[in-house]
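Raw coords-v9.txt, compact mmCIF, C-alpha atoms and all ligand atoms:
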```
# COMPACT_ATOMS: atom_id res chain seq x y z
CA MET A 1 56.25 108.23 -55.47
CA THR A 2 55.40 105.15 -57.46
CA GLU A 3 54.54 102.13 -55.38
CA THR A 4 57.34 99.56 -55.26
CA ARG A 5 57.10 95.88 -54.49
CA HIS A 6 59.33 94.58 -51.67
CA VAL A 7 62.07 92.31 -52.94
CA ALA A 8 63.66 90.14 -50.26
CA GLY A 9 67.44 90.15 -49.96
CA ARG A 10 69.92 92.87 -50.60
CA HIS A 11 70.08 94.57 -54.00
CA PHE A 12 73.30 93.76 -55.89
CA LEU A 13 74.68 97.02 -57.24
CA GLN A 14 77.18 95.64 -59.72
CA ILE A 15 77.40 98.54 -62.14
CA PRO A 16 80.97 99.85 -62.51
CA GLY A 17 80.19 102.70 -60.16
CA PRO A 18 78.62 104.00 -58.08
CA THR A 19 79.76 101.03 -56.00
CA ASN A 20 78.62 99.55 -52.70
CA VAL A 21 79.35 101.84 -49.76
CA PRO A 22 80.77 99.91 -46.78
CA ASP A 23 79.01 100.23 -43.42
CA ARG A 24 82.04 101.92 -41.84
CA VAL A 25 81.80 104.69 -44.44
CA LEU A 26 78.01 104.99 -44.08
CA ARG A 27 78.41 105.31 -40.28
CA ALA A 28 80.99 108.07 -40.78
CA ILE A 29 78.70 109.95 -43.17
CA ASP A 30 75.76 109.85 -40.75
CA ASN A 31 77.61 111.83 -38.08
CA PRO A 32 76.06 115.23 -37.32
CA THR A 33 77.16 117.93 -39.76
CA ILE A 34 79.67 120.26 -38.09
CA ASP A 35 80.82 123.85 -38.57
CA HIS A 36 83.06 123.74 -41.64
CA ARG A 37 84.99 126.72 -40.26
CA GLY A 38 85.39 125.29 -36.76
CA PRO A 39 88.44 123.59 -35.20
CA ALA A 40 87.14 119.99 -35.46
CA PHE A 41 86.66 120.38 -39.20
CA GLY A 42 90.14 121.85 -39.69
CA GLN A 43 91.70 118.92 -37.85
CA MET A 44 89.79 116.41 -39.98
CA GLY A 45 90.64 118.35 -43.16
CA ARG A 46 94.37 118.34 -42.45
CA GLU A 47 94.38 114.61 -41.73
CA LEU A 48 92.31 113.82 -44.81
CA LEU A 49 94.29 115.99 -47.23
CA ALA A 50 97.55 114.39 -46.03
CA ASN A 51 96.30 110.79 -46.20
CA LEU A 52 94.64 111.29 -49.58
CA ARG A 53 98.00 111.92 -51.23
CA GLN A 54 98.98 108.32 -50.50
CA ILE A 55 96.04 107.05 -52.56
CA PHE A 56 97.18 109.06 -55.59
CA LYS A 57 100.84 108.23 -54.84
CA THR A 58 101.80 111.88 -54.88
CA SER A 59 103.63 114.23 -52.57
CA GLY A 60 101.78 117.17 -54.15
CA PRO A 61 98.35 118.65 -53.43
CA VAL A 62 95.02 116.97 -54.12
CA VAL A 63 92.07 119.32 -54.67
CA ILE A 64 88.62 118.07 -53.61
CA TYR A 65 85.47 119.42 -55.28
CA PRO A 66 81.87 118.93 -54.17
CA ALA A 67 81.04 117.72 -57.68
CA SER A 68 80.83 114.56 -59.76
CA GLY A 69 83.80 113.49 -61.89
CA THR A 70 82.70 115.67 -64.79
CA GLY A 71 83.46 118.76 -62.69
CA ALA A 72 87.01 117.55 -62.09
CA TRP A 73 87.47 117.06 -65.87
CA GLU A 74 86.53 120.72 -66.35
CA ALA A 75 88.80 121.83 -63.52
CA ALA A 76 91.78 119.97 -65.05
CA LEU A 77 91.32 121.65 -68.43
CA THR A 78 90.40 125.17 -67.34
CA ASN A 79 93.14 125.52 -64.72
CA THR A 80 95.94 124.65 -67.12
CA LEU A 81 94.95 125.64 -70.68
CA SER A 82 93.94 128.65 -72.79
CA PRO A 83 91.27 128.88 -75.50
CA GLY A 84 92.67 127.66 -78.82
CA ASP A 85 95.23 125.33 -77.21
CA ARG A 86 95.69 122.00 -79.01
CA VAL A 87 95.00 118.95 -76.86
CA LEU A 88 95.77 115.35 -77.85
CA MET A 89 93.17 112.82 -76.72
CA CYS A 90 92.53 109.16 -77.41
CA ARG A 91 89.05 107.85 -78.26
CA THR A 92 89.17 104.78 -76.05
CA GLY A 93 85.39 104.82 -75.57
CA TRP A 94 82.40 106.78 -74.34
CA PHE A 95 84.05 108.68 -71.49
CA ALA A 96 87.03 109.78 -73.60
CA THR A 97 84.47 111.05 -76.13
CA LEU A 98 82.62 113.07 -73.48
CA TRP A 99 85.86 114.61 -72.21
CA LYS A 100 86.76 115.63 -75.76
CA GLU A 101 83.34 117.22 -76.32
CA MET A 102 83.82 119.18 -73.11
CA ALA A 103 87.24 120.39 -74.32
CA GLU A 104 85.58 121.64 -77.53
CA ARG A 105 82.89 123.49 -75.58
CA LEU A 106 85.61 125.16 -73.51
CA GLY A 107 87.20 126.56 -76.69
CA LEU A 108 90.14 124.15 -76.80
CA LYS A 109 91.21 122.32 -79.97
CA PRO A 110 91.14 118.61 -79.13
CA GLU A 111 92.47 116.06 -81.62
CA PHE A 112 91.43 112.45 -81.36
CA ILE A 113 93.53 109.35 -81.93
CA ASP A 114 90.98 106.64 -82.63
CA THR A 115 90.68 103.11 -81.28
CA ASP A 116 88.15 100.36 -81.95
CA TRP A 117 86.92 100.61 -78.30
CA ARG A 118 88.51 97.20 -77.65
CA ARG A 119 91.86 98.30 -76.24
CA GLY A 120 93.53 101.13 -74.33
CA ALA A 121 95.08 104.31 -75.65
CA ASP A 122 97.25 104.03 -78.77
CA VAL A 123 100.66 104.78 -77.29
CA ALA A 124 102.51 104.62 -80.62
CA GLY A 125 99.96 107.04 -82.10
CA ILE A 126 100.46 109.47 -79.22
CA GLY A 127 104.25 109.24 -79.62
CA ALA A 128 104.03 109.84 -83.40
CA ALA A 129 101.67 112.84 -83.03
CA LEU A 130 103.99 114.41 -80.48
CA ALA A 131 107.09 113.74 -82.56
CA ASP A 132 105.36 115.50 -85.50
CA ASP A 133 104.57 118.53 -83.38
CA LYS A 134 107.98 120.16 -83.63
CA ALA A 135 106.60 123.56 -82.60
CA HIS A 136 105.16 122.09 -79.39
CA ALA A 137 101.70 123.48 -80.17
CA ILE A 138 100.06 120.54 -78.37
CA LYS A 139 99.70 121.70 -74.79
CA ALA A 140 98.26 118.59 -73.15
CA VAL A 141 97.80 114.86 -73.64
CA CYS A 142 94.59 113.59 -72.00
CA VAL A 143 94.06 109.86 -71.41
CA VAL A 144 91.31 107.94 -69.62
CA HIS A 145 93.21 105.38 -67.52
CA ASN A 146 90.33 102.93 -67.20
CA GLU A 147 87.65 103.36 -69.89
CA THR A 148 84.54 102.41 -67.97
CA SER A 149 82.50 101.93 -71.16
CA THR A 150 84.76 99.17 -72.52
CA GLY A 151 86.69 97.67 -69.60
CA CYS A 152 90.04 98.57 -71.16
CA THR A 153 92.88 100.04 -69.09
CA SER A 154 95.48 102.24 -70.77
CA ARG A 155 99.17 101.95 -69.92
CA ILE A 156 99.97 105.33 -68.42
CA ASP A 157 103.60 104.34 -67.82
CA GLU A 158 103.92 103.72 -71.57
CA VAL A 159 102.18 107.00 -72.44
CA ARG A 160 104.70 108.79 -70.23
CA ALA A 161 107.59 106.96 -71.88
CA ALA A 162 106.29 107.91 -75.36
CA MET A 163 106.04 111.57 -74.34
CA ASP A 164 109.57 111.48 -72.96
CA ALA A 165 110.90 109.71 -76.06
CA ALA A 166 109.37 112.46 -78.21
CA GLY A 167 110.96 115.06 -75.91
CA HIS A 168 107.58 116.81 -75.80
CA PRO A 169 106.71 119.22 -72.97
CA ALA A 170 102.89 118.78 -73.08
CA LEU A 171 101.09 118.30 -69.80
CA LEU A 172 99.82 114.78 -69.10
CA MET A 173 96.27 114.59 -67.72
CA VAL A 174 94.77 111.28 -66.69
CA ASP A 175 91.18 110.36 -65.80
CA THR A 176 91.31 107.74 -63.03
CA ILE A 177 87.61 107.94 -62.17
CA SER A 178 87.14 104.16 -62.40
CA SER A 179 90.69 103.08 -61.56
CA LEU A 180 91.87 105.03 -58.52
CA ALA A 181 92.05 102.74 -55.46
CA SER A 182 91.23 99.73 -57.67
CA ILE A 183 94.07 99.53 -60.20
CA ASP A 184 97.70 100.46 -59.55
CA TYR A 185 98.19 104.14 -60.26
CA ARG A 186 101.23 106.37 -59.61
CA HIS A 187 100.75 110.11 -60.10
CA ASP A 188 104.32 111.15 -59.26
CA GLU A 189 106.24 108.19 -60.67
CA TRP A 190 104.45 108.37 -64.02
CA GLY A 191 104.93 112.11 -64.29
CA VAL A 192 101.23 112.90 -64.45
CA ASP A 193 100.39 116.59 -64.22
CA VAL A 194 96.69 116.40 -63.39
CA THR A 195 94.95 113.27 -62.15
CA VAL A 196 91.16 113.40 -62.27
CA ALA A 197 89.21 111.15 -59.90
CA GLY A 198 85.74 110.66 -58.43
CA SER A 199 84.35 109.40 -55.13
CA GLN A 200 81.84 106.79 -56.26
CA LYS A 201 84.00 103.90 -57.47
CA GLY A 202 87.22 102.59 -55.92
CA LEU A 203 86.94 105.13 -53.11
CA MET A 204 83.74 103.38 -51.97
CA LEU A 205 81.73 106.56 -51.39
CA PRO A 206 78.46 107.81 -52.80
CA PRO A 207 78.76 110.12 -55.81
CA GLY A 208 79.37 113.79 -55.08
CA LEU A 209 83.11 114.37 -54.64
CA SER A 210 85.79 114.64 -57.29
CA PHE A 211 89.49 115.32 -57.31
CA ASN A 212 92.45 116.86 -59.10
CA ALA A 213 95.93 115.76 -58.03
CA VAL A 214 98.20 118.51 -59.30
CA SER A 215 101.91 118.52 -60.22
CA ALA A 216 104.26 121.47 -59.81
CA LYS A 217 104.32 121.81 -63.62
CA ALA A 218 100.51 122.02 -63.72
CA LEU A 219 100.56 124.67 -60.99
CA LYS A 220 103.01 126.67 -63.08
CA ALA A 221 100.75 126.30 -66.14
CA ALA A 222 97.83 127.59 -64.03
CA GLU A 223 99.62 130.92 -63.62
CA SER A 224 99.30 131.71 -67.33
CA ALA A 225 96.22 129.63 -68.33
CA LYS A 226 93.52 131.87 -69.82
CA CYS A 227 90.45 129.61 -69.71
CA ALA A 228 87.75 131.30 -67.62
CA ARG A 229 87.36 129.66 -64.22
CA SER A 230 86.03 130.67 -60.87
CA TYR A 231 84.41 127.84 -58.92
CA TRP A 232 87.04 125.42 -60.26
CA ASP A 233 90.06 127.65 -59.63
CA TRP A 234 92.77 125.70 -57.80
CA ARG A 235 94.38 128.76 -56.22
CA PRO A 236 91.84 129.74 -53.51
CA MET A 237 91.32 126.03 -52.85
CA LEU A 238 95.01 125.35 -52.26
CA GLU A 239 95.32 128.45 -50.10
CA ALA A 240 92.44 127.39 -47.83
CA ASN A 241 93.56 123.74 -47.80
CA LYS A 242 96.86 124.74 -46.16
CA THR A 243 94.99 124.92 -42.86
CA GLY A 244 92.54 122.08 -43.61
CA TYR A 245 89.69 124.33 -44.76
CA PHE A 246 87.89 125.08 -48.05
CA PRO A 247 87.07 128.39 -49.78
CA TYR A 248 83.35 127.53 -49.99
CA THR A 249 81.06 125.16 -48.14
CA PRO A 250 82.54 121.68 -48.63
CA GLY A 251 80.53 118.44 -48.73
CA THR A 252 81.10 118.02 -45.00
CA ASN A 253 79.52 114.59 -44.50
CA LEU A 254 80.95 113.12 -47.69
CA LEU A 255 84.35 114.25 -46.42
CA PHE A 256 83.73 112.34 -43.16
CA GLY A 257 83.07 109.31 -45.35
CA LEU A 258 86.13 109.94 -47.48
CA ASN A 259 88.35 110.20 -44.41
CA GLU A 260 87.08 106.79 -43.28
CA ALA A 261 87.36 105.22 -46.75
CA VAL A 262 90.97 106.38 -47.10
CA LYS A 263 91.79 104.87 -43.70
CA MET A 264 90.20 101.58 -44.77
CA LEU A 265 92.23 101.49 -47.99
CA LEU A 266 95.46 102.23 -46.12
CA GLU A 267 94.63 99.57 -43.49
CA GLU A 268 94.11 96.96 -46.22
CA GLY A 269 97.22 98.24 -47.98
CA LEU A 270 97.10 99.45 -51.58
CA PRO A 271 99.04 96.43 -52.96
CA ASN A 272 96.42 94.15 -51.38
CA VAL A 273 93.57 96.30 -52.72
CA PHE A 274 95.00 96.03 -56.26
CA ALA A 275 95.64 92.27 -55.93
CA ARG A 276 92.04 91.75 -54.76
CA HIS A 277 90.72 93.60 -57.82
CA ASP A 278 93.08 91.70 -60.17
CA ARG A 279 91.92 88.38 -58.74
CA HIS A 280 88.22 89.18 -59.07
CA ALA A 281 88.73 90.40 -62.61
CA GLU A 282 90.54 87.20 -63.59
CA ALA A 283 87.80 85.05 -62.01
CA THR A 284 85.19 87.05 -63.95
CA ARG A 285 87.01 86.59 -67.26
CA ARG A 286 87.23 82.84 -66.63
CA ALA A 287 83.47 82.79 -66.07
CA VAL A 288 82.85 84.72 -69.29
CA ARG A 289 85.05 82.35 -71.30
CA ALA A 290 83.34 79.32 -69.76
CA TRP A 291 79.98 80.75 -70.86
CA GLY A 292 81.42 80.96 -74.38
CA LEU A 293 80.91 84.73 -74.47
CA GLU A 294 83.40 87.34 -75.61
CA ILE A 295 85.18 89.94 -73.49
CA GLN A 296 84.97 93.42 -75.02
CA CYS A 297 88.65 94.13 -74.28
CA ALA A 298 90.60 92.37 -77.04
CA ASP A 299 94.11 92.97 -75.67
CA PRO A 300 94.98 91.05 -72.48
CA ARG A 301 97.57 93.72 -71.59
CA HIS A 302 94.67 96.17 -71.29
CA TYR A 303 92.23 94.02 -69.29
CA SER A 304 90.54 96.11 -66.62
CA SER A 305 90.59 94.96 -63.01
CA SER A 306 87.62 97.13 -62.03
CA LEU A 307 85.04 95.95 -64.57
CA THR A 308 84.50 93.47 -67.38
CA ALA A 309 82.39 94.40 -70.40
CA VAL A 310 80.88 91.29 -71.97
CA ARG A 311 79.63 91.11 -75.58
CA VAL A 312 76.36 89.31 -76.19
CA PRO A 313 76.05 87.09 -79.29
CA GLU A 314 74.73 88.71 -82.51
CA GLY A 315 70.94 88.79 -82.40
CA SER A 316 70.82 88.98 -78.57
CA SER A 317 70.01 92.10 -76.58
CA ALA A 318 72.29 93.04 -73.68
CA ASP A 319 69.64 95.45 -72.38
CA LYS A 320 67.00 92.73 -72.32
CA LEU A 321 69.42 90.49 -70.42
CA ARG A 322 70.05 93.24 -67.87
CA ALA A 323 66.32 93.80 -67.45
CA VAL A 324 65.77 90.08 -66.85
CA ILE A 325 68.59 89.98 -64.29
CA LEU A 326 67.18 93.02 -62.48
CA GLU A 327 63.71 91.48 -62.40
CA LYS A 328 64.73 87.93 -61.45
CA CYS A 329 67.84 88.49 -59.32
CA ASN A 330 67.52 92.06 -58.03
CA MET A 331 70.91 92.94 -59.52
CA SER A 332 71.92 96.01 -61.55
CA LEU A 333 74.62 95.61 -64.22
CA GLY A 334 76.13 98.37 -66.36
CA ASN A 335 74.64 99.10 -69.79
CA GLY A 336 76.41 99.49 -73.12
CA LEU A 337 77.25 103.13 -73.93
CA GLY A 338 77.60 104.86 -77.29
CA ILE A 339 78.43 102.39 -80.07
CA LEU A 340 78.19 99.54 -77.54
CA LYS A 341 74.55 100.25 -76.67
CA ASP A 342 72.70 96.93 -76.30
CA ARG A 343 75.85 95.04 -77.47
CA VAL A 344 77.58 94.67 -74.08
CA PHE A 345 76.71 94.43 -70.43
CA ARG A 346 79.25 95.52 -67.85
CA ILE A 347 80.02 93.70 -64.62
CA GLY A 348 81.47 96.00 -61.96
CA HIS A 349 83.87 94.18 -59.60
CA LEU A 350 85.39 97.18 -57.87
CA GLY A 351 85.24 98.92 -54.54
CA ASP A 352 84.11 97.19 -51.34
CA PHE A 353 83.78 93.74 -52.87
CA GLY A 354 84.61 90.19 -51.76
CA ASP A 355 84.67 86.66 -53.14
CA LEU A 356 81.11 85.76 -52.19
CA GLN A 357 79.73 88.95 -53.71
CA LEU A 358 81.52 88.04 -56.92
CA ILE A 359 80.10 84.53 -56.94
CA GLY A 360 76.62 85.95 -56.29
CA THR A 361 77.11 88.42 -59.12
CA LEU A 362 78.24 85.77 -61.59
CA GLY A 363 75.43 83.48 -60.40
CA GLY A 364 72.94 86.23 -61.24
CA VAL A 365 74.44 86.61 -64.72
CA GLU A 366 74.25 82.85 -65.32
CA ILE A 367 70.61 82.71 -64.20
CA GLY A 368 69.86 85.68 -66.44
CA LEU A 369 71.59 84.21 -69.50
CA ARG A 370 69.42 81.13 -69.21
CA ALA A 371 66.20 83.05 -68.48
CA ALA A 372 66.77 85.48 -71.36
CA GLY A 373 67.49 82.61 -73.78
CA ILE A 374 70.95 83.87 -74.68
CA PRO A 375 73.06 81.13 -76.28
CA HIS A 376 75.81 80.16 -73.83
CA ARG A 377 77.38 77.21 -72.05
CA ASN A 378 76.89 76.44 -68.36
CA GLY A 379 79.80 76.49 -65.94
CA GLY A 380 80.86 80.13 -65.66
CA VAL A 381 80.26 80.29 -61.92
CA GLN A 382 82.10 77.00 -61.46
CA ALA A 383 85.10 78.32 -63.40
CA ALA A 384 85.21 81.36 -61.10
CA VAL A 385 84.89 79.20 -57.96
CA ASP A 386 87.72 76.95 -59.18
CA TYR A 387 89.96 79.95 -59.75
CA LEU A 388 89.12 81.66 -56.45
CA ALA A 389 89.53 78.41 -54.49
CA GLY A 390 93.00 77.91 -55.91
CA ASN A 391 94.02 81.51 -55.39
CA ALA A 392 92.80 82.36 -51.91
C1 LIG A 401 86.13 107.03 -66.75
C2 LIG A 401 85.04 108.00 -66.41
N1 LIG A 401 85.25 109.30 -66.63
C3 LIG A 401 84.31 110.23 -66.34
C4 LIG A 401 83.11 109.88 -65.79
C5 LIG A 401 82.10 110.94 -65.48
O1 LIG A 401 82.01 111.08 -64.09
P1 LIG A 401 80.68 111.57 -63.37
O2 LIG A 401 79.56 110.76 -63.90
O3 LIG A 401 80.99 111.29 -61.91
O4 LIG A 401 80.54 113.03 -63.64
C6 LIG A 401 82.85 108.55 -65.52
C7 LIG A 401 81.57 108.12 -64.94
O5 LIG A 401 81.27 106.97 -64.82
C8 LIG A 401 83.85 107.58 -65.83
O6 LIG A 401 83.64 106.28 -65.60
```
Hey, can you dump this file as structure tokens for me?
Ligand SMILES: Cc1ncc(COP(=O)(O)O)c(C=O)c1O
Amino acid sequence: MTETRHVAGRHFLQIPGPTNVPDRVLRAIDNPTIDHRGPAFGQMGRELLANLRQIFKTSGPVVIYPASGTGAWEAALTNTLSPGDRVLMCRTGWFATLWKEMAERLGLKPEFIDTDWRRGADVAGIGAALADDKAHAIKAVCVVHNETSTGCTSRIDEVRAAMDAAGHPALLMVDTISSLASIDYRHDEWGVDVTVAGSQKGLMLPPGLSFNAVSAKALKAAESAKCARSYWDWRPMLEANKTGYFPYTPGTNLLFGLNEAVKMLLEEGLPNVFARHDRHAEATRRAVRAWGLEIQCADPRHYSSSLTAVRVPEGSSADKLRAVILEKCNMSLGNGLGILKDRVFRIGHLGDFGDLQLIGTLGGVEIGLRAAGIPHRNGGVQAAVDYLAGNA
């Protein structure tokens, strides 16, 4: 191991996931590992699988994988589709691009509707592509709800409405990896067929679990889907889940943590969780504007409540700024991905996060802007304090 210097004070992990894990969840995870085929596990599994549905706002099953979010992307595609199937996707940013590349590797035929990475999915474009597809060759529409690389949130209700208006039977698959339990999301009401999620963001857990919430229509599609799948197959999972168990060794201790995290979210109440995220996002945007910097998301209807990507002025380096902030303030911020490399830094304000953590985070950014010599105005932290004080 390389020798590390002690830095006093707690590290600020303000990347847009993994997020800070609350003590209650950490205490749950550090329970002794138990027999995953014993009665205590089954009881916990039944409770967890029932409660989890409330977070996705679904009455249907939610499959849990011991995998990062990428695994749940693969599960969504391979359980429902066959090689050669056309899939409509929207290039909202880096993560949408990765999902499309995966679809190609799996032998699917993804088609991209482009964006400038400054807004959510192009709903009119999706509607037009579906209306053109009279033969219904497009089998699925895949949208990233909250594009973590840009801080833009797509309107899934509008995507659903566009699909309905086109009278198109494609499945709707939505990546909620950085929105679930942070931004309002309604699997059943919005007619989503597969919701993909991960543990390490709004669910306040370490990385290592991912999810598929599955509609009846998706389950039907799984009966004829020809993509090869074994580990990701929903069917043995759903069979074992009926009694609270799993077909292979589950991530026992992460599931203890998940059970606790779900209880915490339900205790706070999902409307309050979403309002808290909205409020912190608005305070952050006010700070960014006060600094005279630009928010990457150009459409206020698509502002993300879980993160804000901030553009640095031409000639400045976002990566240098992040390095200065890490060195001086012991805080990690998200980097720019893909075409936004070195052009933006991303402030995560999701998960187990309160007003004072936000003010500390914005204070660290303001110190860093000055130390890195990035042209800006003072007063961002003050703008956030003014907003928070008036909106307690
Ligand atoms: C929106 C989105 N989708 C997919 C992923 C990939 O998930 P993972 O890194 O957990 O495999 C991420 C990761 O940050 C993400 O933010």
Return as a ChimeraX atom specification every polymer residue, whether protein, DNA or RNA, with at least one atom no more than 9 Å from an atom of ligand LIG 401 (chain A); count only C-alpha atoms and all ligand atoms.
-> /A:16-18,67-73,94-96,98-99,144-149,175-179,196-201,207-210
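For the pair CA of Ala162 in chain A and CA of Ile138 in chain A, the separation is 14.4 Å.
Reported to one decimal place, the separation of CA of Arg155 in chain A from CA of Pro110 in chain A is 20.7 Å.
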Surrounding residues of Arg53 in chain A excluding itself and chain neighbours under 2 positions, 12 Å, only C-alpha atoms, as a VMD selection string = chain A and resid 46 to 51 55 to 64 180 to 181 185 to 188 195 211 to 215 259 262 266
Sorted per-residue table, range 264-348 of chain A near range 4-10 of chain A, closest atoms and distance, 10 Å, all atoms listed in the file, as CSV:
```
residue,atom,partner,partner_atom,distance
A:Glu327,CA,A:Val7,CA,9.6
A:Lys328,CA,A:Val7,CA,9.9
A:Cys329,CA,A:Val7,CA,9.4
A:Asn330,CA,A:Val7,CA,7.5
A:Met331,CA,A:Arg10,CA,9.0
```
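CA of Cys152 in chain A to CA of Ile295 in chain A spans 10.2 Å [interatomic distance, one decimal].
Proximity to Ala135 in chain A was assessed for A:Ala170, A:Val365, A:Val310, A:Cys227 counting all atoms listed in the file; the smallest distance is recorded for A:Ala170.
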Fewer than 5 positions away in the same chain doesn't count, so skip those; otherwise give me all residues within 8 Å of Leu172 in chain A, counting only C-alpha atoms, as a ChimeraX atom specification.
-> /A:140-143,160,191-194
Just the selected residues (C-alpha atoms), exported as a PDB file, keeping the file's coordinate frame, please.
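Listed below is the output, out05.pdb:
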```pdb
ATOM      1  CA  ALA A 140      98.260 118.590 -73.150  1.00  0.00           C
ATOM      2  CA  VAL A 141      97.800 114.860 -73.640  1.00  0.00           C
ATOM      3  CA  CYS A 142      94.590 113.590 -72.000  1.00  0.00           C
ATOM      4  CA  VAL A 143      94.060 109.860 -71.410  1.00  0.00           C
ATOM      5  CA  ARG A 160     104.700 108.790 -70.230  1.00  0.00           C
ATOM      6  CA  GLY A 191     104.930 112.110 -64.290  1.00  0.00           C
ATOM      7  CA  VAL A 192     101.230 112.900 -64.450  1.00  0.00           C
ATOM      8  CA  ASP A 193     100.390 116.590 -64.220  1.00  0.00           C
ATOM      9  CA  VAL A 194      96.690 116.400 -63.390  1.00  0.00           C
TER      10      VAL A 194
END
```
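By chain and then residue number, the residues within 7 Å of Trp234 in chain A are Asn79, Met237 and Leu238 of chain A, counting all atoms listed in the file and disregarding those fewer than 3 positions away in sequence.
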Using all atoms listed in the file, can you list as JSON, numbers by chain the residues within 9 Å of (85.2, 125.2, -47.3)?
-> {"A": [36, 37, 237, 240, 241, 244, 245, 246, 247, 248, 249, 250, 251, 252]}
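Closest approach to Met102 in chain A from the set A:Asp342, A:Met89, A:Ala121, A:Val174 is made by A:Met89, with distances taken over all atoms listed in the file.
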